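**Q** Can you read through this structure? Questions will come right after.
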Amino acid sequence: MSSSFERRTFLRATLAAGTTLAGFPALAQTPSPVRWPSRPVTVIVPFPVGGAGDGALRVLAEVIGPRLTQSLVIENRPGAGGLVGNSYVALNGTDHTLLMGSSSITILSALRKALPYDLKRDLQPVGMISTQPMVFVVGATSPLKSLDDMLSAGRAGGISVGTSGVGSLAHLTTEFVNHRLGTRFLPVPYKGGSALVSDVVSGTVSMAVVTLPVAIPLIQNGRMRALALTSPHPATALPGVPVLSSKDSDLVIMGWAGLFASKSVPAAGVQRVEQLLRQALAEPGVEERLAALGVHAEPSTAAELNDLVNREVERWTMVGRESNIKLE
């Protein structure tokens, strides 16, 4: 996704059905006279320091902060797969509180029986930050050499696929591929990335689904082989690795990060941050800095993020129902 056209293909691909689902309240079209911000703005990150989304946000904060006329404070509140931080903003956020949301926010809404907040009522979409594809990988000595090998083995059964946990994007990706392509991959949840990588390399688990930043160094040092990407286009970092969407156009599945606002933030504030976010993503050097973190800059409007969230909630609800996946 080296060009702006390619970067935006992900949003178009996920919204290809055309009709926007009922979701977040309609976004205001005329700016509010409210002067915003009037004090420091806090962005809650619902994951530990050091993740790709967290890193991308800190890069953008360097650009956005000085333009706000108020300080931009990043606060990490990890726990329960993002639930702790999401809940804090949804239930306790002030008119100066933002949230760095990700694909996990839609998974929680789709698979958790009861949430303490309502995604559509309590949070406002602002705009996308970045995306990164998932990669199906095997150990270097695996007999699976290609996407066709992977699908043939999956349809025959007996192929275990390591994932980062029950209800993770990797888990749901595996089940969605089963649903769309008739494979019978068996997801195996792991709690730690190092254990997963070790078992893939040794062949203890047949295959794994990992993020692109995790996959690249292991492929480059010859310990793993990539069989397929979930992006709409091949990745320049992995030449020759095919995309799953070549088999089914619905198989574009990206990890993503985006900004949301507390329901208390006025329309003027949402619109201002949306504009500053898109400007920051277009700044010289920002795209390259995000690429160094293993993610792609993915500017969008608030409405495009709104549509993406609604469509992902629908997709993961379907996968959860078909595969009997629940988060408690």
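By order of appearance in the structure tokens: chains A, B, ..., then residues from 1 within every chain, and ligands from 1 in the order shown.
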Tell me, counting only C-alpha atoms, for each residue of stretch 53-148 of chain A within 7 Å of stretch 197-204 of chain A, which pair of atoms is nearest and how far apart they are in Å to one decimal, in rows ordered by chain and increasing number, as a tab-separated table.

**A**
```
residue	atom	partner	partner_atom	distance
A:Val138	CA	A:Val200	CA	6.1
A:Gly139	CA	A:Val201	CA	4.3
A:Ala140	CA	A:Val201	CA	6.8
```

**Q** Can you write just those residues out, N, CA and C atoms, as an mmCIF file, in the first residue's frame?

**A**
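To be explicit, this is the file written out as result_11.cif:
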```cif
data_model
loop_
_atom_site.group_PDB
_atom_site.id
_atom_site.type_symbol
_atom_site.label_atom_id
_atom_site.label_comp_id
_atom_site.auth_asym_id
_atom_site.auth_seq_id
_atom_site.Cartn_x
_atom_site.Cartn_y
_atom_site.Cartn_z
ATOM 1 N N VAL A 138 4.096 -20.105 8.472
ATOM 2 C CA VAL A 138 4.477 -21.448 8.901
ATOM 3 C C VAL A 138 5.975 -21.431 9.177
ATOM 4 N N GLY A 139 6.450 -22.480 9.848
ATOM 5 C CA GLY A 139 7.883 -22.613 10.065
ATOM 6 C C GLY A 139 8.612 -22.854 8.753
ATOM 7 N N ALA A 140 9.896 -22.547 8.737
ATOM 8 C CA ALA A 140 10.678 -22.643 7.494
ATOM 9 C C ALA A 140 10.737 -24.056 6.941
#
```

**Q** What's around stretch 171-182 of chain A at 8 Å? Count only C-alpha atoms, leave out sequence neighbours fewer than 3 positions away in its own chain, and write the answer as a list in words.

**A**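 Residues near the query, excluding close chain neighbours: Leu151, Arg155, Val161, Thr163, Ser164, Gly165, Val166, Gly167, Ser168, Phe185, Pro187, Pro189, Val209, Lys247, Asp248, Leu251, Ile253, Trp316, Val319, Gly320 and Ser323 of chain A.
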
**Q** If you run DSSP on the backbone here, which positions in stretch 179-285 of chain A get alpha helix (DSSP H)? Please write them as a PyMOL selection string.

**A** chain A and resi 179-181+193-202+212-220+267-281

**Q** Can you pull out every residue within 9 Å of stretch 47-49 of chain A, counting only C-alpha atoms, but drop anything in the same chain fewer than 2 positions away, and send it as a list in words?

**A**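 With the cut-off at 9 Å, the set is Ile44, Val45, Gly51, Gly53, Asp54, Gly55, Asn76, Arg77, Pro78, Gly79, Gly81, Gly82 and Gly85 of chain A.
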
**Q** Quick one: everything within 9 Å of A:Leu290, counting only C-alpha atoms, minus sequence neighbours fewer than 5 positions away in the same chain. Send it as a PyMOL selection string.

**A** chain A and resi 52+55-56+59+130+285+295-297

**Q** Can you list, as a VMD selection string, every protein, DNA or RNA residue that comes within 7 Å of A:Glu274 when you count only C-alpha atoms, leaving out same-chain residues fewer than 4 positions away?

**A** chain A and resid 126 to 127 270 278 301 to 302

**Q** Just N, CA and C atoms for this one: save the residues we selected as a compact mmCIF listing (two decimals), in the first residue's frame.

**A**
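And here is the file that came out, again26.txt:
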```txt
# COMPACT_ATOMS: atom_id res chain seq x y z
N VAL A 126 -14.02 9.65 15.33
CA VAL A 126 -13.31 10.86 14.89
C VAL A 126 -12.58 10.62 13.57
N GLY A 127 -11.74 9.59 13.52
CA GLY A 127 -11.04 9.29 12.28
C GLY A 127 -10.03 8.18 12.46
N VAL A 270 -15.00 17.39 17.98
CA VAL A 270 -14.85 16.21 17.12
C VAL A 270 -14.37 16.62 15.74
N ARG A 278 -6.26 14.23 10.13
CA ARG A 278 -6.00 14.03 8.70
C ARG A 278 -4.82 14.86 8.22
N THR A 301 -12.35 10.11 7.13
CA THR A 301 -13.29 11.01 7.78
C THR A 301 -13.92 10.28 8.97
N ALA A 302 -14.60 11.04 9.82
CA ALA A 302 -15.34 10.42 10.93
C ALA A 302 -16.42 9.50 10.39
```

**Q** Pick the closest to A:Glu304 from A:Pro125, A:Leu57, A:Pro46, A:Thr97: which is it, counting only C-alpha atoms?

**A**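 Closest candidate: A:Pro125.
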
**Q** Write out as a list in words each polymer residue whose atoms come within 12 Å of A:Glu283, counting only C-alpha atoms; drop sequence neighbours fewer than 2 positions from it.

**A** Val59, Leu60, Glu62, Val63, Ile64, Leu276, Leu277, Arg278, Gln279, Ala280, Leu281, Gly285, Val286, Glu287, Glu288, Arg289, Leu290, Ala297 and Pro299 of chain A

**Q** Save the residues we just selected, C-alpha atoms, as an mmCIF file, in the first residue's frame?

**A**
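Contents of out-v3.cif, freshly written:
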```cif
data_model
loop_
_atom_site.group_PDB
_atom_site.id
_atom_site.type_symbol
_atom_site.label_atom_id
_atom_site.label_comp_id
_atom_site.auth_asym_id
_atom_site.auth_seq_id
_atom_site.Cartn_x
_atom_site.Cartn_y
_atom_site.Cartn_z
ATOM 1 C CA VAL A 59 4.002 10.200 16.501
ATOM 2 C CA LEU A 60 0.787 12.020 15.577
ATOM 3 C CA GLU A 62 3.819 15.482 18.231
ATOM 4 C CA VAL A 63 2.130 17.100 15.238
ATOM 5 C CA ILE A 64 -1.384 17.622 16.593
ATOM 6 C CA LEU A 276 -6.040 17.889 12.618
ATOM 7 C CA LEU A 277 -5.683 14.115 12.469
ATOM 8 C CA ARG A 278 -5.997 14.025 8.699
ATOM 9 C CA GLN A 279 -3.570 16.935 8.368
ATOM 10 C CA ALA A 280 -1.055 15.201 10.630
ATOM 11 C CA LEU A 281 -1.199 11.979 8.605
ATOM 12 C CA GLY A 285 7.789 12.228 7.157
ATOM 13 C CA VAL A 286 4.806 10.991 9.193
ATOM 14 C CA GLU A 287 3.949 8.145 6.818
ATOM 15 C CA GLU A 288 7.562 6.971 6.913
ATOM 16 C CA ARG A 289 7.653 7.083 10.726
ATOM 17 C CA LEU A 290 4.491 4.993 10.923
ATOM 18 C CA ALA A 297 -1.092 5.673 7.608
ATOM 19 C CA PRO A 299 -6.507 8.891 6.919
#
```
